[in-house]
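Colleague: File follows, upload.cif with mmCIF, C-alpha atoms:
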data_entry
loop_
_atom_site.group_PDB
_atom_site.id
_atom_site.type_symbol
_atom_site.label_atom_id
_atom_site.label_comp_id
_atom_site.auth_asym_id
_atom_site.auth_seq_id
_atom_site.Cartn_x
_atom_site.Cartn_y
_atom_site.Cartn_z
ATOM 1 C CA MET A 1 -3.623 -22.516 -38.929
ATOM 2 C CA ARG A 2 -3.397 -25.555 -36.648
ATOM 3 C CA ASN A 3 0.327 -26.025 -37.325
ATOM 4 C CA TYR A 4 0.915 -22.353 -36.653
ATOM 5 C CA LEU A 5 -0.882 -22.546 -33.305
ATOM 6 C CA ILE A 6 1.104 -25.626 -32.304
ATOM 7 C CA ARG A 7 4.400 -23.915 -33.124
ATOM 8 C CA ARG A 8 3.428 -20.779 -31.203
ATOM 9 C CA ILE A 9 2.324 -22.755 -28.151
ATOM 10 C CA ILE A 10 5.602 -24.691 -28.167
ATOM 11 C CA SER A 11 7.562 -21.433 -28.457
ATOM 12 C CA VAL A 12 5.857 -20.172 -25.285
ATOM 13 C CA LEU A 13 7.440 -22.873 -23.125
ATOM 14 C CA PRO A 14 11.075 -21.613 -23.298
ATOM 15 C CA VAL A 15 9.911 -18.085 -22.485
ATOM 16 C CA LEU A 16 8.008 -19.268 -19.417
ATOM 17 C CA PHE A 17 11.002 -21.327 -18.321
ATOM 18 C CA PHE A 18 13.382 -18.380 -18.685
ATOM 19 C CA VAL A 19 11.070 -15.968 -16.839
ATOM 20 C CA SER A 20 10.506 -18.382 -13.961
ATOM 21 C CA LEU A 21 14.228 -19.165 -13.694
ATOM 22 C CA LEU A 22 15.135 -15.471 -13.763
ATOM 23 C CA SER A 23 12.556 -14.622 -11.108
ATOM 24 C CA PHE A 24 13.836 -17.451 -8.916
ATOM 25 C CA ALA A 25 17.423 -16.184 -9.259
ATOM 26 C CA VAL A 26 16.504 -12.566 -8.501
ATOM 27 C CA ILE A 27 14.504 -13.582 -5.441
ATOM 28 C CA TRP A 28 17.500 -15.365 -3.969
ATOM 29 C CA ILE A 29 19.865 -12.483 -4.759
ATOM 30 C CA ILE A 30 17.877 -9.700 -3.079
ATOM 31 C CA PRO A 31 18.216 -9.413 0.721
ATOM 32 C CA GLY A 32 15.431 -10.338 3.118
ATOM 33 C CA ASP A 33 13.926 -13.305 4.914
ATOM 34 C CA PRO A 34 10.286 -14.452 4.816
ATOM 35 C CA THR A 35 10.503 -15.478 8.472
ATOM 36 C CA ALA A 36 10.455 -11.776 9.408
ATOM 37 C CA ALA A 37 6.729 -11.763 8.551
ATOM 38 C CA PHE A 38 6.071 -14.439 11.194
ATOM 39 C CA LEU A 39 8.595 -13.685 13.939
ATOM 40 C CA ASP A 40 9.404 -10.454 15.745
ATOM 41 C CA ALA A 41 12.813 -9.116 16.736
ATOM 42 C CA SER A 42 12.817 -11.119 19.981
ATOM 43 C CA ALA A 43 12.859 -14.470 18.147
ATOM 44 C CA THR A 44 15.872 -16.654 18.878
ATOM 45 C CA PRO A 45 18.117 -18.035 16.109
ATOM 46 C CA GLU A 46 16.783 -21.500 16.906
ATOM 47 C CA GLN A 47 13.204 -20.337 16.303
ATOM 48 C CA VAL A 48 14.209 -18.718 13.009
ATOM 49 C CA GLU A 49 15.972 -21.877 11.811
ATOM 50 C CA ALA A 50 13.051 -24.056 12.854
ATOM 51 C CA LEU A 51 10.658 -21.885 10.885
ATOM 52 C CA ARG A 52 12.954 -21.889 7.852
ATOM 53 C CA ASP A 53 13.062 -25.689 8.015
ATOM 54 C CA ASN A 54 9.277 -25.823 8.251
ATOM 55 C CA LEU A 55 8.922 -23.534 5.205
ATOM 56 C CA GLY A 56 11.540 -25.456 3.236
ATOM 57 C CA LEU A 57 13.837 -22.436 2.899
ATOM 58 C CA ASN A 58 16.948 -24.268 4.118
ATOM 59 C CA LYS A 59 16.933 -26.647 1.173
ATOM 60 C CA PRO A 60 19.575 -26.041 -1.520
ATOM 61 C CA PRO A 61 18.333 -23.586 -4.191
ATOM 62 C CA LEU A 62 18.732 -26.207 -6.931
ATOM 63 C CA LEU A 63 16.528 -28.637 -5.016
ATOM 64 C CA GLN A 64 13.934 -25.927 -4.368
ATOM 65 C CA VAL A 65 13.689 -24.890 -8.018
ATOM 66 C CA THR A 66 13.541 -28.543 -9.133
ATOM 67 C CA GLU A 67 10.687 -29.272 -6.737
ATOM 68 C CA TRP A 68 8.887 -26.109 -7.845
ATOM 69 C CA TYR A 69 9.114 -27.038 -11.538
ATOM 70 C CA GLY A 70 7.785 -30.469 -10.671
ATOM 71 C CA GLN A 71 4.772 -28.877 -8.999
ATOM 72 C CA VAL A 72 4.200 -26.488 -11.932
ATOM 73 C CA LEU A 73 4.059 -29.390 -14.384
ATOM 74 C CA THR A 74 1.113 -30.746 -12.397
ATOM 75 C CA GLY A 75 -0.644 -27.358 -12.359
ATOM 76 C CA ASN A 76 0.394 -26.561 -8.790
ATOM 77 C CA LEU A 77 2.159 -23.205 -8.310
ATOM 78 C CA GLY A 78 2.919 -23.941 -4.676
ATOM 79 C CA GLN A 79 1.581 -22.505 -1.443
ATOM 80 C CA SER A 80 1.886 -18.919 -0.284
ATOM 81 C CA ILE A 81 4.205 -18.619 2.711
ATOM 82 C CA LEU A 82 2.341 -15.709 4.275
ATOM 83 C CA MET A 83 -1.265 -16.447 3.261
ATOM 84 C CA ARG A 84 -0.979 -20.236 3.703
ATOM 85 C CA THR A 85 -3.214 -20.772 0.678
ATOM 86 C CA PRO A 86 -2.450 -22.199 -2.789
ATOM 87 C CA VAL A 87 -0.799 -19.601 -5.025
ATOM 88 C CA LEU A 88 -3.096 -20.396 -7.939
ATOM 89 C CA THR A 89 -6.164 -19.836 -5.775
ATOM 90 C CA ALA A 90 -4.865 -16.495 -4.511
ATOM 91 C CA ILE A 91 -4.150 -15.345 -8.078
ATOM 92 C CA LEU A 92 -7.467 -16.485 -9.551
ATOM 93 C CA GLU A 93 -9.386 -14.707 -6.782
ATOM 94 C CA ARG A 94 -7.816 -11.374 -7.752
ATOM 95 C CA LEU A 95 -7.343 -11.875 -11.484
ATOM 96 C CA PRO A 96 -10.850 -10.715 -12.589
ATOM 97 C CA LEU A 97 -10.282 -7.252 -11.107
ATOM 98 C CA THR A 98 -6.890 -6.849 -12.800
ATOM 99 C CA LEU A 99 -8.175 -8.062 -16.173
ATOM 100 C CA THR A 100 -11.260 -5.838 -15.922
ATOM 101 C CA LEU A 101 -9.140 -2.798 -15.101
ATOM 102 C CA ALA A 102 -6.719 -3.508 -17.956
ATOM 103 C CA ALA A 103 -9.565 -4.178 -20.413
ATOM 104 C CA MET A 104 -11.400 -0.954 -19.522
ATOM 105 C CA ALA A 105 -8.198 1.058 -19.873
ATOM 106 C CA LEU A 106 -7.402 -0.639 -23.195
ATOM 107 C CA VAL A 107 -10.848 0.061 -24.675
ATOM 108 C CA LEU A 108 -10.684 3.698 -23.572
ATOM 109 C CA ALA A 109 -7.142 4.110 -24.888
ATOM 110 C CA VAL A 110 -7.948 2.555 -28.273
ATOM 111 C CA LEU A 111 -11.143 4.570 -28.804
ATOM 112 C CA LEU A 112 -9.665 7.938 -27.846
ATOM 113 C CA GLY A 113 -6.203 7.232 -29.257
ATOM 114 C CA VAL A 114 -7.436 6.137 -32.683
ATOM 115 C CA ALA A 115 -9.893 9.040 -32.861
ATOM 116 C CA ALA A 116 -7.172 11.541 -31.914
ATOM 117 C CA GLY A 117 -4.691 10.033 -34.371
ATOM 118 C CA VAL A 118 -7.146 10.097 -37.280
ATOM 119 C CA PHE A 119 -8.173 13.663 -36.398
ATOM 120 C CA ALA A 120 -4.538 14.795 -36.382
ATOM 121 C CA ALA A 121 -3.652 12.949 -39.607
ATOM 122 C CA THR A 122 -6.522 14.483 -41.562
ATOM 123 C CA ARG A 123 -5.397 17.954 -40.400
ATOM 124 C CA ARG A 124 -1.684 17.519 -40.931
ATOM 125 C CA GLY A 125 0.378 20.626 -40.335
ATOM 126 C CA THR A 126 -2.449 22.645 -38.777
ATOM 127 C CA TRP A 127 -2.743 23.955 -35.242
ATOM 128 C CA ALA A 128 -5.156 21.102 -34.460
ATOM 129 C CA ASP A 129 -2.534 18.529 -35.477
ATOM 130 C CA GLN A 130 0.141 20.199 -33.374
ATOM 131 C CA THR A 131 -2.172 20.465 -30.375
ATOM 132 C CA VAL A 132 -3.172 16.792 -30.468
ATOM 133 C CA MET A 133 0.419 15.611 -30.856
ATOM 134 C CA THR A 134 1.599 17.889 -28.038
ATOM 135 C CA LEU A 135 -1.067 16.480 -25.720
ATOM 136 C CA ALA A 136 -0.125 12.943 -26.804
ATOM 137 C CA LEU A 137 3.534 13.604 -25.998
ATOM 138 C CA LEU A 138 2.543 15.078 -22.645
ATOM 139 C CA GLY A 139 0.503 11.980 -21.860
ATOM 140 C CA LEU A 140 3.436 9.732 -22.736
ATOM 141 C CA SER A 141 5.684 11.690 -20.366
ATOM 142 C CA VAL A 142 3.501 11.401 -17.256
ATOM 143 C CA PRO A 143 4.348 8.567 -14.796
ATOM 144 C CA ASP A 144 1.383 6.397 -13.835
ATOM 145 C CA PHE A 145 1.829 6.768 -10.090
ATOM 146 C CA TRP A 146 2.124 10.572 -10.285
ATOM 147 C CA LEU A 147 -0.948 10.884 -12.475
ATOM 148 C CA GLY A 148 -2.903 8.623 -10.130
ATOM 149 C CA LEU A 149 -2.008 10.756 -7.118
ATOM 150 C CA LEU A 150 -2.883 13.922 -9.057
ATOM 151 C CA LEU A 151 -6.304 12.549 -10.006
ATOM 152 C CA ILE A 152 -6.934 11.573 -6.383
ATOM 153 C CA VAL A 153 -6.095 15.084 -5.170
ATOM 154 C CA VAL A 154 -8.280 16.805 -7.785
ATOM 155 C CA PHE A 155 -11.282 14.522 -8.287
ATOM 156 C CA ALA A 156 -11.433 12.709 -4.927
ATOM 157 C CA VAL A 157 -10.110 15.147 -2.316
ATOM 158 C CA GLN A 158 -11.008 18.556 -3.760
ATOM 159 C CA LEU A 159 -14.079 17.846 -5.897
ATOM 160 C CA GLY A 160 -15.277 14.678 -4.154
ATOM 161 C CA TRP A 161 -16.594 13.174 -7.395
ATOM 162 C CA PHE A 162 -14.951 9.765 -6.993
ATOM 163 C CA PRO A 163 -13.522 7.716 -4.095
ATOM 164 C CA SER A 164 -9.804 8.051 -3.469
ATOM 165 C CA GLY A 165 -9.340 4.295 -3.305
ATOM 166 C CA GLY A 166 -10.863 0.971 -2.417
ATOM 167 C CA TYR A 167 -13.010 -1.386 -4.422
ATOM 168 C CA VAL A 168 -16.704 -2.311 -4.451
ATOM 169 C CA PRO A 169 -17.660 -5.558 -6.266
ATOM 170 C CA PHE A 170 -19.993 -5.138 -9.239
ATOM 171 C CA MET A 171 -22.602 -7.543 -7.868
ATOM 172 C CA GLN A 172 -22.717 -5.643 -4.590
ATOM 173 C CA ASP A 173 -23.289 -2.158 -6.054
ATOM 174 C CA PRO A 174 -22.813 -1.531 -9.815
ATOM 175 C CA ALA A 175 -22.807 2.266 -9.422
ATOM 176 C CA ALA A 176 -20.205 2.171 -6.638
ATOM 177 C CA TRP A 177 -18.163 -0.332 -8.670
ATOM 178 C CA LEU A 178 -18.076 2.024 -11.656
ATOM 179 C CA SER A 179 -17.187 4.951 -9.429
ATOM 180 C CA SER A 180 -14.284 3.042 -7.887
ATOM 181 C CA MET A 181 -12.934 2.081 -11.335
ATOM 182 C CA VAL A 182 -13.043 5.482 -13.060
ATOM 183 C CA LEU A 183 -9.849 7.034 -11.677
ATOM 184 C CA PRO A 184 -7.715 3.853 -11.975
ATOM 185 C CA THR A 185 -8.922 3.368 -15.555
ATOM 186 C CA LEU A 186 -8.062 6.957 -16.489
ATOM 187 C CA THR A 187 -4.656 6.625 -14.866
ATOM 188 C CA LEU A 188 -3.842 3.518 -16.879
ATOM 189 C CA ALA A 189 -5.289 4.820 -20.145
ATOM 190 C CA VAL A 190 -3.784 8.311 -20.414
ATOM 191 C CA VAL A 191 -0.257 7.194 -21.262
ATOM 192 C CA GLN A 192 -1.485 4.633 -23.770
ATOM 193 C CA ILE A 193 -3.828 7.142 -25.464
ATOM 194 C CA GLY A 194 -0.795 9.199 -26.451
ATOM 195 C CA PHE A 195 1.033 6.116 -27.708
ATOM 196 C CA ILE A 196 -1.878 4.949 -29.875
ATOM 197 C CA ALA A 197 -2.604 8.477 -31.141
ATOM 198 C CA ARG A 198 0.939 8.930 -32.433
ATOM 199 C CA MET A 199 0.995 5.494 -34.062
ATOM 200 C CA THR A 200 -2.441 6.004 -35.654
ATOM 201 C CA ARG A 201 -1.415 9.366 -37.068
ATOM 202 C CA SER A 202 1.724 7.889 -38.591
ATOM 203 C CA ALA A 203 -0.168 4.943 -40.110
ATOM 204 C CA MET A 204 -2.934 7.153 -41.479
ATOM 205 C CA LEU A 205 -0.456 9.553 -43.098
ATOM 206 C CA ASP A 206 1.025 6.618 -45.006
ATOM 207 C CA VAL A 207 -2.438 5.583 -46.220
ATOM 208 C CA ILE A 208 -4.139 8.887 -47.086
ATOM 209 C CA ASN A 209 -1.468 9.686 -49.673
ATOM 210 C CA GLN A 210 -2.165 6.493 -51.612
ATOM 211 C CA ASP A 211 -3.816 6.511 -55.035
ATOM 212 C CA PHE A 212 -6.974 4.685 -53.924
ATOM 213 C CA ILE A 213 -7.684 7.443 -51.375
ATOM 214 C CA ARG A 214 -7.357 10.122 -54.055
ATOM 215 C CA THR A 215 -9.636 8.048 -56.291
ATOM 216 C CA ALA A 216 -12.244 7.855 -53.526
ATOM 217 C CA HIS A 217 -12.120 11.636 -53.131
ATOM 218 C CA ALA A 218 -12.411 12.065 -56.911
ATOM 219 C CA LYS A 219 -15.626 10.034 -56.860
ATOM 220 C CA GLY A 220 -17.150 12.648 -54.601
ATOM 221 C CA LEU A 221 -17.260 10.537 -51.448
ATOM 222 C CA SER A 222 -17.377 12.420 -48.156
ATOM 223 C CA GLU A 223 -14.244 12.844 -46.065
ATOM 224 C CA LEU A 224 -15.745 10.835 -43.193
ATOM 225 C CA TYR A 225 -16.652 7.939 -45.497
ATOM 226 C CA VAL A 226 -13.217 7.880 -47.136
ATOM 227 C CA VAL A 227 -11.418 7.907 -43.792
ATOM 228 C CA THR A 228 -13.574 5.324 -42.016
ATOM 229 C CA ARG A 229 -14.204 2.904 -44.920
ATOM 230 C CA HIS A 230 -10.989 3.174 -46.936
ATOM 231 C CA GLY A 231 -8.299 4.846 -44.846
ATOM 232 C CA LEU A 232 -8.602 3.425 -41.355
ATOM 233 C CA PRO A 233 -9.037 -0.275 -42.320
ATOM 234 C CA ASN A 234 -5.808 -0.114 -44.351
ATOM 235 C CA ALA A 235 -3.974 1.452 -41.410
ATOM 236 C CA MET A 236 -5.102 -1.191 -38.900
ATOM 237 C CA MET A 237 -2.041 -3.456 -38.998
ATOM 238 C CA PRO A 238 0.365 -1.143 -37.103
ATOM 239 C CA ILE A 239 -2.492 -0.091 -34.816
ATOM 240 C CA LEU A 240 -3.170 -3.742 -33.954
ATOM 241 C CA THR A 241 0.516 -4.276 -33.270
ATOM 242 C CA VAL A 242 0.758 -1.377 -30.849
ATOM 243 C CA THR A 243 -2.542 -2.413 -29.226
ATOM 244 C CA GLY A 244 -1.081 -5.828 -28.441
ATOM 245 C CA ILE A 245 2.008 -4.220 -26.926
ATOM 246 C CA ILE A 246 -0.141 -1.889 -24.853
ATOM 247 C CA ALA A 247 -2.376 -4.727 -23.615
ATOM 248 C CA GLY A 248 0.684 -6.409 -22.126
ATOM 249 C CA ALA A 249 2.054 -3.132 -20.772
ATOM 250 C CA LEU A 250 -1.228 -2.452 -18.985
ATOM 251 C CA LEU A 251 -0.783 -5.623 -16.931
ATOM 252 C CA GLY A 252 2.569 -4.295 -15.717
ATOM 253 C CA SER A 253 1.229 -0.799 -15.072
ATOM 254 C CA ALA A 254 -1.692 -2.266 -13.126
ATOM 255 C CA VAL A 255 0.787 -3.336 -10.446
ATOM 256 C CA VAL A 256 1.504 0.325 -9.638
ATOM 257 C CA VAL A 257 -2.032 1.627 -10.163
ATOM 258 C CA GLU A 258 -3.594 -1.025 -7.923
ATOM 259 C CA GLN A 259 -1.169 -0.031 -5.183
ATOM 260 C CA VAL A 260 -1.995 3.680 -5.560
ATOM 261 C CA PHE A 261 -5.767 3.131 -5.463
ATOM 262 C CA ALA A 262 -5.732 0.217 -2.972
ATOM 263 C CA LEU A 263 -7.370 -2.198 -5.414
ATOM 264 C CA PRO A 264 -7.201 -5.893 -4.405
ATOM 265 C CA GLY A 265 -5.881 -7.157 -7.736
ATOM 266 C CA VAL A 266 -2.999 -9.370 -8.814
ATOM 267 C CA GLY A 267 -0.636 -6.389 -8.983
ATOM 268 C CA ARG A 268 -1.165 -5.465 -5.349
ATOM 269 C CA LEU A 269 -0.904 -9.139 -4.437
ATOM 270 C CA ILE A 270 2.552 -9.345 -6.051
ATOM 271 C CA ILE A 271 3.685 -6.103 -4.387
ATOM 272 C CA GLY A 272 2.661 -7.506 -1.004
ATOM 273 C CA ALA A 273 4.459 -10.758 -1.788
ATOM 274 C CA ILE A 274 7.649 -8.861 -2.645
ATOM 275 C CA LEU A 275 7.510 -6.831 0.566
ATOM 276 C CA SER A 276 6.985 -9.972 2.665
ATOM 277 C CA ARG A 277 9.443 -12.111 0.626
ATOM 278 C CA ASP A 278 6.702 -14.602 -0.212
ATOM 279 C CA TYR A 279 8.787 -16.498 -2.784
ATOM 280 C CA PRO A 280 6.171 -18.940 -4.138
ATOM 281 C CA LEU A 281 3.629 -16.151 -4.604
ATOM 282 C CA ILE A 282 6.138 -13.921 -6.413
ATOM 283 C CA GLN A 283 7.176 -16.708 -8.782
ATOM 284 C CA GLY A 284 3.626 -17.869 -9.425
ATOM 285 C CA GLY A 285 2.328 -14.347 -9.990
ATOM 286 C CA LEU A 286 5.084 -13.438 -12.461
ATOM 287 C CA LEU A 287 4.663 -16.732 -14.305
ATOM 288 C CA PHE A 288 0.899 -16.212 -14.585
ATOM 289 C CA LEU A 289 1.213 -12.624 -15.866
ATOM 290 C CA THR A 290 3.826 -13.724 -18.392
ATOM 291 C CA LEU A 291 1.493 -16.426 -19.685
ATOM 292 C CA ILE A 292 -1.319 -13.886 -20.117
ATOM 293 C CA TYR A 293 1.034 -11.542 -21.983
ATOM 294 C CA LEU A 294 2.092 -14.319 -24.363
ATOM 295 C CA LEU A 295 -1.536 -15.289 -24.985
ATOM 296 C CA ILE A 296 -2.311 -11.663 -25.837
ATOM 297 C CA ASN A 297 0.495 -11.646 -28.407
ATOM 298 C CA LEU A 298 -0.883 -14.837 -29.911
ATOM 299 C CA GLY A 299 -4.340 -13.298 -30.116
ATOM 300 C CA VAL A 300 -2.949 -10.247 -31.932
ATOM 301 C CA ASP A 301 -1.231 -12.485 -34.485
ATOM 302 C CA LEU A 302 -4.524 -14.260 -35.135
ATOM 303 C CA LEU A 303 -6.276 -10.913 -35.557
ATOM 304 C CA TYR A 304 -3.835 -9.997 -38.322
ATOM 305 C CA ALA A 305 -5.351 -12.685 -40.539
ATOM 306 C CA ALA A 306 -8.887 -11.578 -39.657
ATOM 307 C CA VAL A 307 -8.219 -7.907 -40.449
ATOM 308 C CA ASP A 308 -6.018 -8.311 -43.530
ATOM 309 C CA PRO A 309 -6.926 -11.144 -45.978
ATOM 310 C CA ARG A 310 -3.396 -10.934 -47.402
ATOM 311 C CA VAL A 311 -1.948 -12.321 -44.168
ATOM 312 C CA ARG A 312 -1.708 -16.077 -44.032
ATOM 313 C CA LEU A 313 -0.659 -17.891 -40.862
ATOM 314 C CA GLU A 314 1.453 -20.792 -42.061
#
Would you mind giving the structure from this file in C-alpha cells?

Modeller:
Amino acid sequence: MRNYLIRRIISVLPVLFFVSLLSFAVIWIIPGDPTAAFLDASATPEQVEALRDNLGLNKPPLLQVTEWYGQVLTGNLGQSILMRTPVLTAILERLPLTLTLAAMALVLAVLLGVAAGVFAATRRGTWADQTVMTLALLGLSVPDFWLGLLLIVVFAVQLGWFPSGGYVPFMQDPAAWLSSMVLPTLTLAVVQIGFIARMTRSAMLDVINQDFIRTAHAKGLSELYVVTRHGLPNAMMPILTVTGIIAGALLGSAVVVEQVFALPGVGRLIIGAILSRDYPLIQGGLLFLTLIYLLINLGVDLLYAAVDPRVRLE
C-alpha cells in the first residue's frame, strides 16, 4: 500500500506541471491586458507601460513562468493582480463553499441515481424501466446553466420558495444557508443522477443474472434482501468508478453554477479572474482544482480495495 501511494503521488507531479504549463500558454495566447482593470480609456501609453512594469508583465514569458514555478515549489501561488492578496489565501477563503456544494450534489446524485438504477434493473423491459431511463437521458441532455435559470424562474421568481441567488454562511443562519444551497445543489445533481442511474442499471443487469443471485432467490430470500445484500455490493466497482469521475466533473460544473446563482466560491473567483485577466489567480485556481481532482481519483482507487477484497493495491 505504501509503495502504491508513493507511485501515485509521484505520477501526480507531471500532470500538475502539464496543466500549469498549458494554462500559462493559453493565458498568453488569448487577447486582453490586466491593466484595463486598473486604468480607464484616458490612460496614456506611458502609464500603461509603467503599470505593466510594476506588475511584472513586461518580463519575458519564459522568465515569468520560471519565477512562478519557483514560487509554487515554496507553496506560494503568487499574488492576485486585481485583489492584491495572495492567490492561495483567496482560494482557501472560497474553497469550503465550492467543496460543500460539490459534496451535497454528489451525495444527492449517488443516492437518487443508484436507487433509480436499481429500480430500473429489477424491472427490466417494463414501462417503469423505460420511464426511468428516459428521464435519465433527459437529465443528461440538460445544460447546467439552462437548468439553473429554469429553476430560478420556477422556484424563486414564480413560487418564491427559494432565493434566486446569493449566499448566507451556515454559522450566520443555518436555515437561510440551506435555502440558498437547494437550487444550486439540484442544478449540479440532475445531470449526474442520470449518469449514475444508467451506469447502475447496466452494472446491476450484469449481476442479477449470475448464479449466486438465482441461488439466493431459490432459498426464499426476499427481493429487497437479495438486491441490497447480494446484488448491489457486487455491482459497486463500476458505480465507484463513475462516482469518482462525477466528483471531478462537479468541480468543473460548479464554475458555471456559482456564476448563475452568484455564489462566492472558487468557480466564480476563477471566472472573475478570467474576465479581468488576473493571470496568477487563473493559474493558481486551475492548479488547485486539478490537484483536488487528482486526489479524488486516488481516493477512489483506495476505495476499490475497501469495497472488493479481491483488489490488491501493489

Colleague: Give me the residues near stretch 171-188 of chain A as a list of chain:residue names, where near means some atom within 7 Å (using all atoms listed in the file) and where sequence neighbours in that chain fewer than 6 positions away do not count.

Modeller: A:Leu101, A:Met104, A:Ala105, A:Asp144, A:Leu147, A:Gly148, A:Leu151, A:Phe162, A:Pro163, A:Gly165, A:Leu250, A:Ser253, A:Val257, A:Phe261

Colleague: Those selected residues, please, written with C-alpha atoms and delivered as a compact mmCIF listing (two decimals), in the coordinates of the input.

Modeller:
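Contents of part_14.txt, as written:
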# COMPACT_ATOMS: atom_id res chain seq x y z
CA LEU A 101 -9.14 -2.80 -15.10
CA MET A 104 -11.40 -0.95 -19.52
CA ALA A 105 -8.20 1.06 -19.87
CA ASP A 144 1.38 6.40 -13.84
CA LEU A 147 -0.95 10.88 -12.48
CA GLY A 148 -2.90 8.62 -10.13
CA LEU A 151 -6.30 12.55 -10.01
CA PHE A 162 -14.95 9.76 -6.99
CA PRO A 163 -13.52 7.72 -4.10
CA GLY A 165 -9.34 4.30 -3.30
CA LEU A 250 -1.23 -2.45 -18.98
CA SER A 253 1.23 -0.80 -15.07
CA VAL A 257 -2.03 1.63 -10.16
CA PHE A 261 -5.77 3.13 -5.46

Colleague: Taking all atoms listed in the file into account, which of A:Gln79, A:Asn297, A:Ser23, A:Gln158 comes nearest A:Ile246?

Modeller: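 Checking each of A:Gln79, A:Asn297, A:Ser23, A:Gln158 against A:Ile246, counting all atoms listed in the file, the winner is A:Asn297.
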
Colleague: Just checking: using all atoms listed in the file, which residue out of A:Leu106, A:Val227, A:Ala249, A:Val72 ends up closest to A:Val87?

Modeller: A:Val72

Colleague: What's the separation between atom CA of A:Val191 and atom CA of A:Gly139, in Å to one decimal place?

Modeller: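 Separation between atom CA of A:Val191 and atom CA of A:Gly139: 4.9 Å.
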
Colleague: Rank A:Pro169, A:Gly194, A:Gly231, A:Gly78 by their smallest atom-to-atom distance to A:Ala90, using only C-alpha atoms, and report the top residue only.

Modeller: A:Gly78

Colleague: Let me make sure I understand: among A:Pro233, A:Gly267, A:Arg94, A:Thr200, which one has the smallest atom-to-atom distance to A:Ile213 if we use only C-alpha atoms?

Modeller: A:Pro233

Colleague: Quick one: of A:Leu303, A:Ala116, A:Ala216, A:Asn209, who's nearest to A:Ala128, counting all atoms listed in the file?

Modeller: A:Ala116

Colleague: Quick one: residues within 7 Å of stretch 96-100 of chain A, only C-alpha atoms counted, chain neighbours fewer than 2 positions away excluded, as a PyMOL selection string?

Modeller: chain A and resi 94+102-104+254+265-266

Colleague: Hey, can you check how far atom CA of A:Gly244 sits from atom CA of A:Ala115?

Modeller: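 Separation of atom CA of A:Gly244 and atom CA of A:Ala115: 17.8 Å.
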
Colleague: Given only C-alpha atoms as the basis, pick out the residue of A:Leu16, A:Ala197, A:Leu137, A:Ile6 nearest to A:Leu291.

Modeller: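 Checking each of A:Leu16, A:Ala197, A:Leu137, A:Ile6 against A:Leu291, counting only C-alpha atoms, the winner is A:Leu16.
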
Colleague: Quote the spacing between atom CA of A:Gly70 and atom CA of A:Gly248 in Å to one decimal place.

Modeller: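 The value is 27.6 Å.
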